[in-house]
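Dumped work.txt below, it's compact mmCIF, C-alpha atoms:
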```txt
# COMPACT_ATOMS: atom_id res chain seq x y z
CA MET A 792 21.94 26.68 6.57
CA ASN A 793 23.90 29.49 4.98
CA LEU A 794 26.38 29.19 2.12
CA SER A 795 29.59 29.39 4.16
CA ALA A 796 28.46 26.54 6.38
CA ILE A 797 27.92 24.35 3.31
CA ARG A 798 31.34 25.35 2.00
CA THR A 799 32.96 24.41 5.31
CA LEU A 800 31.14 21.09 5.23
CA PHE A 801 32.41 20.22 1.74
CA LEU A 802 35.93 21.36 2.60
CA GLY A 803 35.87 19.05 5.57
CA ILE A 804 34.68 16.15 3.48
CA PHE A 805 37.42 16.71 0.89
CA LEU A 806 40.07 16.86 3.61
CA VAL A 807 38.84 13.63 5.13
CA THR A 808 38.63 11.79 1.81
CA SER A 809 42.05 12.98 0.59
CA PHE A 810 43.67 11.97 3.84
CA ALA A 811 41.89 8.64 3.75
CA SER A 812 42.90 7.84 0.18
CA TYR A 813 46.52 8.42 1.20
CA SER A 814 46.42 5.37 3.45
CA GLN A 815 44.37 3.29 1.04
CA ASN A 816 46.82 0.49 0.30
CA GLU A 817 47.58 -0.14 3.92
CA SER A 818 43.96 -0.39 5.03
CA SER A 819 42.86 -2.61 2.14
CA ALA A 820 45.70 -5.02 2.91
CA LEU A 821 44.62 -4.97 6.54
CA GLU A 822 41.05 -5.68 5.50
CA GLU A 823 42.09 -8.69 3.45
CA THR A 824 43.96 -10.22 6.36
CA LEU A 825 40.96 -9.51 8.57
CA LEU A 826 38.69 -11.27 6.12
CA GLU A 827 40.99 -14.27 6.04
CA GLU A 828 41.05 -14.37 9.82
CA ASN A 829 37.30 -14.18 9.87
CA GLU A 830 37.02 -17.19 7.61
CA LYS A 831 39.55 -19.13 9.65
CA GLU A 832 38.04 -18.55 13.05
CA ASN A 833 34.45 -18.56 11.76
CA LYS A 834 33.87 -15.21 13.43
CA PHE A 835 30.62 -13.32 13.28
CA ASP A 836 30.31 -11.40 10.00
CA PRO A 837 27.43 -8.89 10.27
CA LYS A 838 27.36 -7.98 6.58
CA SER A 839 26.85 -11.50 5.27
CA MET A 840 24.35 -12.26 8.07
CA ILE A 841 22.28 -9.16 7.24
CA MET A 842 22.37 -9.76 3.50
CA HIS A 843 21.39 -13.39 4.04
CA HIS A 844 18.36 -12.32 6.07
CA VAL A 845 17.26 -9.60 3.67
CA LYS A 846 17.43 -11.88 0.63
CA ASP A 847 14.99 -14.52 -0.50
CA ALA A 848 15.58 -18.12 0.64
CA TYR A 849 14.49 -21.67 -0.13
CA GLY A 850 12.91 -22.30 3.27
CA PHE A 851 11.92 -20.77 6.58
CA HIS A 852 14.83 -21.26 8.94
CA ILE A 853 13.20 -20.72 12.32
CA ILE A 854 15.64 -21.49 15.14
CA ASP A 855 18.79 -23.39 16.07
CA ILE A 856 18.80 -25.21 19.41
CA GLY A 857 22.25 -26.60 20.00
CA GLU A 858 23.23 -28.47 16.85
CA LYS A 859 19.66 -29.11 15.78
CA LYS A 860 18.12 -26.78 13.24
CA TYR A 861 14.39 -26.25 12.99
CA SER A 862 13.03 -25.06 9.69
CA ILE A 863 10.12 -25.32 7.28
CA SER A 864 11.32 -26.58 3.93
CA LEU A 865 9.70 -25.53 0.68
CA PRO A 866 9.67 -27.25 -2.71
CA ILE A 867 12.41 -26.48 -5.24
CA ILE A 868 11.16 -26.61 -8.82
CA LEU A 869 13.72 -26.44 -11.62
CA TRP A 870 13.50 -26.72 -15.38
CA THR A 871 16.66 -28.45 -16.57
CA ASP A 872 17.76 -30.21 -19.77
CA ASN A 873 16.15 -33.40 -18.43
CA GLY A 874 12.84 -31.61 -17.90
CA LEU A 875 11.09 -30.73 -14.67
CA THR A 876 13.10 -31.50 -11.53
CA THR A 877 11.59 -31.15 -8.09
CA PHE A 878 12.81 -31.86 -4.58
CA MET A 879 12.37 -30.36 -1.13
CA SER A 880 14.81 -27.73 0.12
CA SER A 881 15.48 -29.93 3.18
CA ALA A 882 17.66 -32.05 0.86
CA PHE A 883 20.33 -29.35 1.15
CA ASP A 884 20.32 -29.68 4.96
CA HIS A 885 20.49 -25.89 5.53
CA ASP A 886 23.68 -25.60 3.51
CA TYR A 887 24.07 -22.51 1.36
CA TYR A 888 27.79 -22.57 0.78
CA GLY A 889 27.61 -25.16 -2.01
CA ASN A 890 28.98 -28.06 0.08
CA VAL A 891 25.99 -30.41 -0.08
CA VAL A 892 25.35 -31.89 -3.54
CA VAL A 893 21.82 -33.09 -4.24
CA GLU A 894 21.22 -35.61 -7.01
CA SER A 895 17.83 -35.50 -8.65
CA ASN A 896 16.51 -36.47 -12.07
CA GLY A 897 20.00 -37.15 -13.48
CA GLY A 898 21.43 -33.78 -12.40
CA LYS A 899 23.57 -32.62 -9.47
CA PHE A 900 22.56 -29.43 -7.73
CA VAL A 901 24.13 -27.18 -5.12
CA ASN A 902 22.78 -24.22 -3.19
CA TYR A 903 25.41 -21.47 -3.24
CA LYS A 904 24.42 -18.23 -1.49
CA GLU A 905 20.69 -19.01 -1.87
CA LYS A 906 20.89 -19.67 -5.59
CA ILE A 907 20.59 -23.11 -7.14
CA TYR A 908 23.34 -24.16 -9.55
CA GLN A 909 23.53 -27.35 -11.59
CA LEU A 910 26.97 -28.96 -11.74
CA ASN A 911 28.24 -29.70 -15.22
CA PRO A 912 28.16 -33.43 -16.23
CA GLY A 913 31.06 -35.36 -14.72
CA GLU A 914 31.65 -32.86 -11.88
CA ASP A 915 31.18 -33.86 -8.25
CA THR A 916 31.96 -30.72 -6.25
CA LEU A 917 31.50 -27.02 -6.67
CA VAL A 918 34.57 -25.12 -7.87
CA LYS A 919 34.66 -21.37 -7.38
CA GLY A 920 36.23 -19.19 -10.05
CA GLU A 921 38.55 -16.26 -9.44
CA ASP A 922 35.60 -13.87 -9.32
CA GLY A 923 34.06 -15.82 -6.43
CA TYR A 924 31.21 -17.20 -8.49
CA PRO A 925 30.75 -20.93 -9.24
CA ALA A 926 32.85 -21.86 -12.29
CA ASN A 927 31.81 -25.40 -13.22
CA THR A 928 28.05 -24.94 -13.18
CA THR A 929 25.06 -23.88 -15.24
CA LYS A 930 22.02 -22.13 -13.86
CA PRO A 931 18.75 -23.98 -14.48
CA LEU A 932 15.49 -22.10 -14.88
CA ASP A 933 14.35 -21.68 -11.29
CA ILE A 934 10.62 -21.55 -10.60
CA SER A 935 10.88 -22.70 -6.99
CA ILE A 936 8.38 -21.77 -4.34
CA THR A 937 10.73 -19.69 -2.22
CA LYS A 938 9.70 -18.09 1.05
CA ASN A 939 8.80 -14.86 -0.74
CA VAL A 940 6.51 -16.69 -3.15
CA PHE A 941 5.02 -18.61 -0.25
CA MET A 942 4.34 -15.47 1.76
CA MET A 943 2.84 -13.79 -1.29
CA TRP A 944 0.36 -16.65 -1.61
CA VAL A 945 -0.38 -16.50 2.12
CA SER A 946 -1.07 -12.77 1.91
CA MET A 947 -3.28 -13.32 -1.14
CA LEU A 948 -5.25 -15.91 0.81
CA VAL A 949 -5.56 -13.59 3.84
CA LEU A 950 -6.74 -10.68 1.68
CA PHE A 951 -9.20 -12.95 -0.09
CA LEU A 952 -10.64 -14.19 3.22
CA ILE A 953 -10.88 -10.66 4.68
CA PHE A 954 -12.65 -9.17 1.68
CA ILE A 955 -14.94 -12.12 0.94
CA GLY A 956 -15.85 -12.07 4.63
CA ALA A 957 -16.56 -8.34 4.49
CA ALA A 958 -18.66 -8.73 1.34
CA ARG A 959 -20.72 -11.49 2.99
CA LYS A 960 -21.42 -9.27 5.99
CA TYR A 961 -22.73 -6.54 3.70
CA LYS A 962 -24.90 -9.01 1.82
CA LYS A 963 -26.48 -10.27 5.04
CA SER A 964 -26.95 -6.96 6.79
CA GLU A 965 -29.84 -4.64 6.17
CA ASN A 966 -29.25 -0.93 5.43
CA PHE A 967 -25.57 -1.72 4.60
CA ILE A 968 -24.47 -1.18 8.18
CA PRO A 969 -21.00 -2.72 8.55
CA LYS A 970 -20.59 -5.49 11.09
CA GLY A 971 -17.67 -7.69 12.13
CA ILE A 972 -14.74 -7.64 9.70
CA ALA A 973 -16.60 -5.20 7.45
CA SER A 974 -16.40 -2.48 10.10
CA PHE A 975 -12.61 -2.86 10.00
CA VAL A 976 -12.39 -2.70 6.21
CA GLU A 977 -14.92 0.05 5.55
CA PRO A 978 -12.98 3.03 7.01
CA LEU A 979 -9.86 2.02 5.08
CA VAL A 980 -11.72 1.66 1.80
CA LEU A 981 -13.45 4.99 2.38
CA PHE A 982 -10.10 6.56 3.22
CA ILE A 983 -8.62 5.40 -0.09
CA ARG A 984 -11.70 6.62 -1.93
CA ASP A 985 -12.12 10.01 -0.25
CA GLU A 986 -8.52 10.97 0.50
CA VAL A 987 -6.66 9.33 -2.37
CA ALA A 988 -8.77 8.52 -5.42
CA ILE A 989 -11.21 11.43 -5.59
CA PRO A 990 -8.74 14.29 -4.91
CA MET A 991 -6.10 12.85 -7.25
CA ILE A 992 -8.15 11.51 -10.15
CA GLY A 993 -11.36 13.48 -9.91
CA GLU A 994 -15.00 12.90 -9.19
CA LYS A 995 -15.85 11.65 -12.69
CA LYS A 996 -13.22 9.03 -13.41
CA TYR A 997 -12.03 7.70 -10.06
CA ALA A 998 -14.34 4.67 -10.03
CA ARG A 999 -12.41 2.89 -12.80
CA TYR A 1000 -9.18 2.95 -10.79
CA MET A 1001 -10.56 2.10 -7.35
CA PRO A 1002 -10.10 -1.71 -7.65
CA TYR A 1003 -6.44 -1.32 -8.57
CA LEU A 1004 -5.74 1.29 -5.89
CA LEU A 1005 -7.40 -0.78 -3.17
CA THR A 1006 -5.57 -3.93 -4.26
CA VAL A 1007 -2.21 -2.17 -4.27
CA PHE A 1008 -2.81 -0.53 -0.89
CA PHE A 1009 -3.89 -3.64 0.97
CA PHE A 1010 -1.45 -5.97 -0.75
CA ILE A 1011 1.60 -3.80 -0.04
CA TRP A 1012 0.48 -3.00 3.48
CA LEU A 1013 -0.14 -6.62 4.40
CA ASN A 1014 3.16 -7.75 2.91
CA ASN A 1015 5.02 -4.95 4.70
CA ILE A 1016 3.52 -6.20 7.96
CA PHE A 1017 4.36 -9.83 7.17
CA GLY A 1018 7.94 -8.74 6.55
CA LEU A 1019 8.20 -7.56 10.16
CA ILE A 1020 7.10 -10.83 11.78
CA PRO A 1021 10.33 -12.30 13.16
CA ILE A 1022 9.32 -15.95 13.58
CA ILE A 1023 8.85 -16.47 9.85
CA ASN A 1024 12.29 -14.98 9.41
CA GLY A 1025 11.05 -11.80 7.78
CA ALA A 1026 9.95 -12.94 4.34
CA ASN A 1027 11.10 -9.65 2.89
CA LEU A 1028 8.66 -9.52 -0.03
CA THR A 1029 8.17 -5.76 -0.43
CA GLY A 1030 11.92 -5.36 0.05
CA ASN A 1031 12.48 -7.48 -3.05
CA ILE A 1032 13.15 -5.40 -6.12
CA ALA A 1033 11.48 -7.90 -8.45
CA PHE A 1034 8.23 -7.56 -6.53
CA THR A 1035 8.28 -3.75 -6.49
CA LEU A 1036 9.24 -3.78 -10.18
CA THR A 1037 6.11 -5.79 -10.93
CA MET A 1038 3.89 -3.45 -8.92
CA ALA A 1039 5.43 -0.36 -10.56
CA THR A 1040 5.04 -1.95 -14.02
CA PHE A 1041 1.32 -2.37 -13.41
CA THR A 1042 1.06 1.33 -12.54
CA PHE A 1043 3.09 2.23 -15.64
CA ILE A 1044 0.92 0.10 -17.93
CA ILE A 1045 -2.34 1.49 -16.52
CA THR A 1046 -1.02 5.07 -16.78
CA THR A 1047 0.12 4.56 -20.37
CA PHE A 1048 -3.09 2.94 -21.54
CA SER A 1049 -5.39 5.41 -19.81
CA GLY A 1050 -3.47 8.42 -21.14
CA ASN A 1051 -5.79 10.72 -23.08
CA LYS A 1052 -5.01 13.06 -25.96
CA SER A 1053 -3.85 15.95 -23.80
CA TYR A 1054 -1.53 13.67 -21.77
CA TRP A 1055 0.32 12.57 -24.88
CA LYS A 1056 0.28 16.11 -26.23
CA HIS A 1057 1.97 17.31 -23.06
CA ILE A 1058 4.66 14.70 -23.52
CA PHE A 1059 5.42 15.02 -27.23
CA TRP A 1060 4.41 18.59 -28.10
CA MET A 1061 4.02 20.72 -24.96
CA PRO A 1062 1.36 23.32 -25.62
CA GLY A 1063 1.88 26.95 -24.71
CA VAL A 1064 5.65 27.17 -25.17
CA PRO A 1065 7.76 28.25 -28.19
CA VAL A 1066 8.80 25.62 -30.75
CA PRO A 1067 12.50 25.27 -29.70
CA MET A 1068 11.28 24.71 -26.14
CA LYS A 1069 8.82 22.06 -27.37
CA ILE A 1070 11.69 20.15 -29.00
CA PHE A 1071 13.82 20.57 -25.90
CA LEU A 1072 11.06 19.38 -23.55
CA MET A 1073 10.12 16.27 -25.55
CA PRO A 1074 13.05 14.01 -24.47
CA ILE A 1075 12.75 15.25 -20.87
CA GLU A 1076 9.07 14.37 -20.76
CA ILE A 1077 9.72 10.96 -22.33
CA VAL A 1078 12.36 10.20 -19.69
CA GLY A 1079 9.94 11.49 -17.05
CA MET A 1080 7.39 8.95 -18.19
CA PHE A 1081 9.77 6.15 -17.14
CA THR A 1082 11.34 7.72 -14.06
CA LYS A 1083 7.95 7.88 -12.32
CA PRO A 1084 7.44 4.10 -12.07
CA ILE A 1085 11.18 3.57 -11.46
CA SER A 1086 11.06 5.92 -8.46
CA LEU A 1087 7.97 4.05 -7.20
CA MET A 1088 9.92 0.81 -7.48
CA ILE A 1089 13.06 2.03 -5.72
CA ARG A 1090 11.20 3.96 -2.99
CA LEU A 1091 9.31 0.93 -1.72
CA PHE A 1092 12.28 -1.43 -2.12
CA ALA A 1093 14.78 0.85 -0.40
CA ASN A 1094 12.48 1.89 2.45
CA ILE A 1095 11.59 -1.63 3.47
CA THR A 1096 15.07 -3.05 2.93
CA ALA A 1097 16.66 -0.19 4.87
CA GLY A 1098 14.30 -0.82 7.79
CA HIS A 1099 15.21 -4.50 7.90
CA ILE A 1100 18.94 -3.74 7.65
CA ILE A 1101 18.77 -1.26 10.56
CA ILE A 1102 16.99 -3.74 12.84
CA LEU A 1103 19.45 -6.52 11.97
CA ALA A 1104 22.44 -4.19 12.37
CA LEU A 1105 21.29 -3.19 15.85
CA MET A 1106 20.93 -6.85 16.76
CA SER A 1107 24.42 -7.53 15.33
CA LEU A 1108 25.91 -5.06 17.82
CA ILE A 1109 25.54 -7.68 20.57
CA PHE A 1110 27.67 -10.13 18.62
CA ILE A 1111 30.16 -7.55 17.36
CA PHE A 1112 30.97 -6.41 20.92
CA ASN A 1113 30.57 -9.99 22.08
CA THR A 1114 29.00 -9.06 25.40
CA VAL A 1115 25.56 -9.29 26.99
CA ALA A 1116 25.97 -5.79 28.46
CA ILE A 1117 25.15 -4.18 25.13
CA ALA A 1118 21.96 -6.26 24.73
CA PRO A 1119 19.53 -3.94 26.60
CA VAL A 1120 20.65 -0.97 24.47
CA SER A 1121 20.41 -3.00 21.30
CA VAL A 1122 16.97 -4.39 22.14
CA ALA A 1123 15.65 -0.97 23.18
CA PHE A 1124 16.84 0.65 19.96
CA SER A 1125 15.49 -2.10 17.74
CA LEU A 1126 12.15 -1.96 19.55
CA PHE A 1127 12.08 1.77 18.81
CA ILE A 1128 12.93 1.13 15.13
CA ILE A 1129 10.30 -1.61 14.88
CA VAL A 1130 7.64 0.80 16.18
CA ILE A 1131 8.72 3.28 13.49
CA GLU A 1132 8.67 0.48 10.93
CA ILE A 1133 5.05 -0.34 11.81
CA VAL A 1134 4.18 3.25 10.93
CA VAL A 1135 6.32 3.01 7.78
CA THR A 1136 4.44 -0.10 6.59
CA ALA A 1137 1.25 1.96 6.36
CA ILE A 1138 2.93 5.12 5.06
CA GLN A 1139 4.74 3.35 2.24
CA ALA A 1140 1.59 1.53 1.13
CA TYR A 1141 -0.23 4.87 1.23
CA ILE A 1142 2.53 6.67 -0.71
CA PHE A 1143 2.57 3.99 -3.40
CA THR A 1144 -1.21 4.21 -3.73
CA ILE A 1145 -1.41 7.99 -3.73
CA LEU A 1146 1.40 8.35 -6.28
CA SER A 1147 -0.22 5.75 -8.54
CA ALA A 1148 -3.47 7.71 -8.24
CA LEU A 1149 -1.58 10.94 -8.99
CA TYR A 1150 -0.12 9.44 -12.18
CA PHE A 1151 -3.55 8.15 -13.26
CA GLY A 1152 -4.94 11.60 -12.56
CA MET A 1153 -2.23 13.22 -14.68
CA ALA A 1154 -2.97 10.80 -17.53
CA THR A 1155 -6.72 11.40 -17.53
CA GLU A 1156 -6.78 15.11 -16.68
CA GLU A 1157 -8.89 17.29 -18.99
CA HIS A 1158 -7.32 20.63 -19.90
CA GLU A 1159 -9.96 23.22 -20.63
CA HIS A 1160 -7.82 26.03 -21.99
CA HIS A 1161 -4.25 27.16 -22.41
CA MET B 471 39.95 4.03 2.17
CA THR B 472 38.25 1.37 0.15
CA ILE B 473 35.31 1.76 -2.21
CA THR B 474 33.05 0.62 0.66
CA GLY B 475 34.11 3.58 2.76
CA ILE B 476 33.49 6.01 -0.09
CA ALA B 477 30.09 4.39 -0.67
CA ALA B 478 29.28 4.91 3.01
CA ILE B 479 30.22 8.59 2.73
CA GLY B 480 27.99 8.83 -0.35
CA ALA B 481 25.08 7.35 1.57
CA GLY B 482 25.74 9.85 4.35
CA LEU B 483 25.71 12.78 1.91
CA ALA B 484 22.42 11.52 0.47
CA ALA B 485 21.02 11.43 3.99
CA ILE B 486 22.17 15.04 4.61
CA GLY B 487 20.42 16.19 1.43
CA ALA B 488 17.23 14.37 2.29
CA GLY B 489 17.36 15.67 5.85
CA MET B 490 17.59 19.26 4.66
CA GLY B 491 14.78 18.74 2.16
CA ILE B 492 12.39 16.96 4.49
CA GLY B 493 13.21 19.39 7.28
CA ARG B 494 12.21 22.34 5.14
CA ILE B 495 9.02 20.59 4.01
CA GLY B 496 8.12 19.69 7.59
CA GLY B 497 8.88 23.16 8.91
CA SER B 498 6.87 24.90 6.24
CA ALA B 499 3.98 22.46 6.63
CA MET B 500 3.92 23.05 10.39
CA GLU B 501 3.92 26.80 9.86
CA ALA B 502 1.15 26.57 7.30
CA MET B 503 -0.93 24.37 9.61
CA ALA B 504 -0.48 26.84 12.46
CA ARG B 505 -1.63 29.68 10.22
CA GLN B 506 -4.58 27.80 8.75
CA PRO B 507 -5.65 24.88 10.93
CA GLU B 508 -8.81 24.36 8.87
CA ILE B 509 -6.90 22.92 5.88
CA GLN B 510 -4.62 20.79 8.03
CA GLY B 511 -5.57 17.55 6.25
CA LYS B 512 -4.72 18.87 2.81
CA ILE B 513 -1.37 20.26 3.95
CA GLN B 514 -0.50 17.00 5.64
CA THR B 515 -1.25 15.00 2.48
CA SER B 516 0.82 17.20 0.20
CA ALA B 517 3.65 17.40 2.73
CA LEU B 518 3.80 13.59 2.87
CA ILE B 519 3.84 13.33 -0.92
CA LEU B 520 6.59 15.94 -1.21
CA ALA B 521 8.59 14.20 1.51
CA ALA B 522 8.26 10.98 -0.50
CA PHE B 523 9.65 12.71 -3.57
CA VAL B 524 12.64 14.12 -1.68
CA GLU B 525 13.24 10.82 0.05
CA ALA B 526 13.21 8.95 -3.27
CA VAL B 527 16.22 10.91 -4.51
CA ALA B 528 18.09 10.13 -1.30
CA LEU B 529 17.16 6.48 -1.63
CA PHE B 530 18.62 6.40 -5.13
CA GLY B 531 21.88 7.43 -3.49
CA VAL B 532 21.50 4.78 -0.80
CA VAL B 533 20.81 2.06 -3.38
CA VAL B 534 23.90 3.04 -5.40
CA ALA B 535 25.96 2.98 -2.19
CA LEU B 536 24.50 -0.42 -1.33
CA LEU B 537 25.45 -1.80 -4.74
CA GLN B 538 28.99 -0.45 -4.37
CA GLY B 539 29.51 -1.40 -0.74
```
This entry written out as structure tokens:
Amino acid sequence: MNLSAIRTLFLGIFLVTSFASYSQNESSALEETLLEENEKENKFDPKSMIMHHVKDAYGFHIIDIGEKKYSISLPIILWTDNGLTTFMSSAFDHDYYGNVVVESNGGKFVNYKEKIYQLNPGEDTLVKGEDGYPANTTKPLDISITKNVFMMWVSMLVLFLIFIGAARKYKKSENFIPKGIASFVEPLVLFIRDEVAIPMIGEKKYARYMPYLLTVFFFIWLNNIFGLIPIINGANLTGNIAFTLTMATFTFIITTFSGNKSYWKHIFWMPGVPVPMKIFLMPIEIVGMFTKPISLMIRLFANITAGHIIILALMSLIFIFNTVAIAPVSVAFSLFIIVIEIVVTAIQAYIFTILSALYFGMATEEHEHH
Amino acid sequence: MTITGIAAIGAGLAAIGAGMGIGRIGGSAMEAMARQPEIQGKIQTSALILAAFVEAVALFGVVVALLQG
């Protein structure tokens, strides 16, 4: 693309935005009335539906048939002033607008937008403040087993079974010829070793990092796949920023602790450049140390969340147009996106692993001369 | 136009940037593979990594738009 084309593009954007801001007041007033109408008529609201499905929840809501709702409830575990409080999420009766009040262990609890709030003593109903958040509540320490936590444990169990099974097969077989589940695992493990660990970290030191790289690869991959299974309502674990933050923090800690002398020298006192440049580069390199894991975190989170949002948005089209005629188009497109997403599950797990390996390689690299 | 609309335009601009970046990476990788098919694997790996870097910047934009919208 040449320069004039870019200039035309930006000019166009400025024209559109300036024209649009001219009619700002009118449209926002219109939007407010639309929102009110939506609430009155209980119309379909794609944004809240999508956000509800992408977020974590206190149970697997499977299907509604008529008025009856089928779901798997999970335990809610709270630490309140009265100590440990536990009850099943079915006590809320699928309510997440804060209407149903559950009494347990001397406290009253409501579920408002998939977060548990404790009503202040003497209060009976939830009151919303001007900012839209609950006003008369406190938030107890929430260590509930939500659907994300549940799916994480399931994936841990599945990984454990797969790899223990594979190890058993190797123990039994002669000549280490893979059989059964081992013949499925072996190419993947070899792929991580030969295509990721050895090129990125080096022949000498890769063995130390293999357990972490393999764990990260299989754990993220399996959870990406679990996120795509519709019947369990897409437990969107790898699209949860807390989960990706934890994974990226592990990479950051391992990188920091395995950093050798030359790694730290390259951060604090870059060799081979003049002194003013050394001082100039130091803050940049220190920021770079933190942006690497942060970009790991956001890449995985945003990729998986974006995939889920696209699929749900395509499904919402049927209800937005309120006709069955659009359904074949919508289903065809979401099938196409799901196929892409299946590829993305593997690619994102691979990218996370290879970038972790790259950072470990940078931290342990030996510089011969400068 | 509300802040949501501006956020949507921002997400679109991020997508344009990422599209240009990934397009150039893909094009150059294809060309390189055609010239030297014997190192196809290596080129593919580095192209994927570079695409991930470009994409990350675009996703920062998308996340900011998502928080605003």
Practice prompt. Could you give me, as number ranges by chain, the residues within 12 Å of Ala957 of chain A, counting all atoms listed in the file and dropping anything in the same chain fewer than 5 positions from it?
Written response: A: 950-952, 962-964, 967-977, 980
Practice prompt. Considering only C-alpha atoms, return as an NGL selection string whatever protein or nucleic-acid residues lie within 12 Å of Gln1139 of chain A, sequence-local ones (same chain, fewer than 2 positions apart) excluded.
Written response: (:A and (1007-1016 or 1029-1030 or 1035 or 1087-1095 or 1098 or 1131-1137 or 1141-1146)) or (:B and (518-519 or 521-522 or 525-526))
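For Val892 of chain A, the list of residues within 9 Å, based on all atoms listed in the file and with local chain neighbours fewer than 5 positions off taken out, reads A:Ala882, A:Phe883, A:Lys899, A:Phe900, A:Val901, A:Asn902, A:Leu910, A:Asp915, A:Thr916, A:Leu917.
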Discussion item. Please report the interatomic distance between atom CA of Ile1100 of chain A and atom CA of Ile1020 of chain A in Å with one decimal.
Written reply: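 Between atom CA of Ile1100 of chain A and atom CA of Ile1020 of chain A the gap works out to 14.4 Å.
Taking only C-alpha atoms into account, the residues near (33.1, 3.8, 3.5), no farther than 10 Å, are A:Thr808, B:Met471, B:Thr472, B:Ile473, B:Thr474, B:Gly475, B:Ile476, B:Ala477, B:Ala478, B:Ile479, B:Gly480, B:Ala481, B:Gly482, B:Ala535, B:Gln538, B:Gly539.
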Discussion item. I want to know what sits within 9 Å of Trp870 of chain A, based on all atoms listed in the file, with residues of the same chain fewer than 4 positions away left out; could you give that as a list in words?
Written reply: Gly874, Leu875, Thr876, Thr877, Pro931, Leu932, Asp933 and Ile934 of chain A
Worksheet item: Near segment 495-508 of chain B, counting only C-alpha atoms, which residues have an atom at most 12 Å away, once you skip same-chain residues fewer than 2 positions from it, shown as a VMD selection string?
Response: chain B and resid 488 to 493 510 to 525
Item to complete: Between atom CA of Ile1085 of chain A and atom CA of Leu1005 of chain A, measure the distance and give it in Å to one decimal.
Response: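 Between these atoms lies a distance of 20.8 Å.
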Response to the item:
The residue from A:Trp1060, A:Phe1017, A:Tyr861, A:Tyr924 with the smallest atom-to-atom distance to Gly889 of chain A, counting only C-alpha atoms, is A:Tyr924
With 3 Å added on each side, what axis-aligned box encloses every listed atom of segment 524-530 of chain B? Give the centre and edge lengths in Å to one decimal, as JSON.
```
{"center_x": 15.6, "center_y": 10.3, "center_z": -2.5, "size_x": 12.0, "size_y": 13.7, "size_z": 11.2}
```
Would you mind exporting segment 476-489 of chain B with N, CA and C atoms, as a PDB file, in the first residue's frame?
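part-v4.pdb was written with the following content:
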```pdb
ATOM      1  N   ILE B 476     -16.618   4.370  18.937  1.00  0.00           N
ATOM      2  CA  ILE B 476     -15.215   4.727  18.744  1.00  0.00           C
ATOM      3  C   ILE B 476     -14.331   3.528  19.066  1.00  0.00           C
ATOM      4  N   ALA B 477     -14.720   2.767  20.109  1.00  0.00           N
ATOM      5  CA  ALA B 477     -13.951   1.572  20.462  1.00  0.00           C
ATOM      6  C   ALA B 477     -13.979   0.567  19.326  1.00  0.00           C
ATOM      7  N   ALA B 478     -15.148   0.458  18.664  1.00  0.00           N
ATOM      8  CA  ALA B 478     -15.254  -0.478  17.538  1.00  0.00           C
ATOM      9  C   ALA B 478     -14.347  -0.045  16.400  1.00  0.00           C
ATOM     10  N   ILE B 479     -14.302   1.293  16.146  1.00  0.00           N
ATOM     11  CA  ILE B 479     -13.405   1.780  15.088  1.00  0.00           C
ATOM     12  C   ILE B 479     -11.957   1.481  15.454  1.00  0.00           C
ATOM     13  N   GLY B 480     -11.628   1.652  16.745  1.00  0.00           N
ATOM     14  CA  GLY B 480     -10.264   1.346  17.197  1.00  0.00           C
ATOM     15  C   GLY B 480      -9.916  -0.103  16.949  1.00  0.00           C
ATOM     16  N   ALA B 481     -10.848  -0.995  17.266  1.00  0.00           N
ATOM     17  CA  ALA B 481     -10.602  -2.424  17.038  1.00  0.00           C
ATOM     18  C   ALA B 481     -10.395  -2.692  15.556  1.00  0.00           C
ATOM     19  N   GLY B 482     -11.189  -1.985  14.719  1.00  0.00           N
ATOM     20  CA  GLY B 482     -11.034  -2.141  13.276  1.00  0.00           C
ATOM     21  C   GLY B 482      -9.681  -1.678  12.789  1.00  0.00           C
ATOM     22  N   LEU B 483      -9.200  -0.534  13.321  1.00  0.00           N
ATOM     23  CA  LEU B 483      -7.880  -0.033  12.927  1.00  0.00           C
ATOM     24  C   LEU B 483      -6.792  -1.019  13.335  1.00  0.00           C
ATOM     25  N   ALA B 484      -6.943  -1.597  14.546  1.00  0.00           N
ATOM     26  CA  ALA B 484      -5.968  -2.594  14.998  1.00  0.00           C
ATOM     27  C   ALA B 484      -5.939  -3.772  14.047  1.00  0.00           C
ATOM     28  N   ALA B 485      -7.143  -4.159  13.576  1.00  0.00           N
ATOM     29  CA  ALA B 485      -7.223  -5.289  12.644  1.00  0.00           C
ATOM     30  C   ALA B 485      -6.544  -4.949  11.326  1.00  0.00           C
ATOM     31  N   ILE B 486      -6.702  -3.677  10.854  1.00  0.00           N
ATOM     32  CA  ILE B 486      -6.040  -3.274   9.599  1.00  0.00           C
ATOM     33  C   ILE B 486      -4.522  -3.395   9.755  1.00  0.00           C
ATOM     34  N   GLY B 487      -4.015  -2.868  10.882  1.00  0.00           N
ATOM     35  CA  GLY B 487      -2.568  -2.934  11.109  1.00  0.00           C
ATOM     36  C   GLY B 487      -2.070  -4.355  11.123  1.00  0.00           C
ATOM     37  N   ALA B 488      -2.778  -5.211  11.862  1.00  0.00           N
ATOM     38  CA  ALA B 488      -2.354  -6.605  11.957  1.00  0.00           C
ATOM     39  C   ALA B 488      -2.448  -7.285  10.603  1.00  0.00           C
ATOM     40  N   GLY B 489      -3.496  -6.943   9.836  1.00  0.00           N
ATOM     41  CA  GLY B 489      -3.654  -7.539   8.518  1.00  0.00           C
ATOM     42  C   GLY B 489      -2.492  -7.194   7.603  1.00  0.00           C
TER      43      GLY B 489
END
```
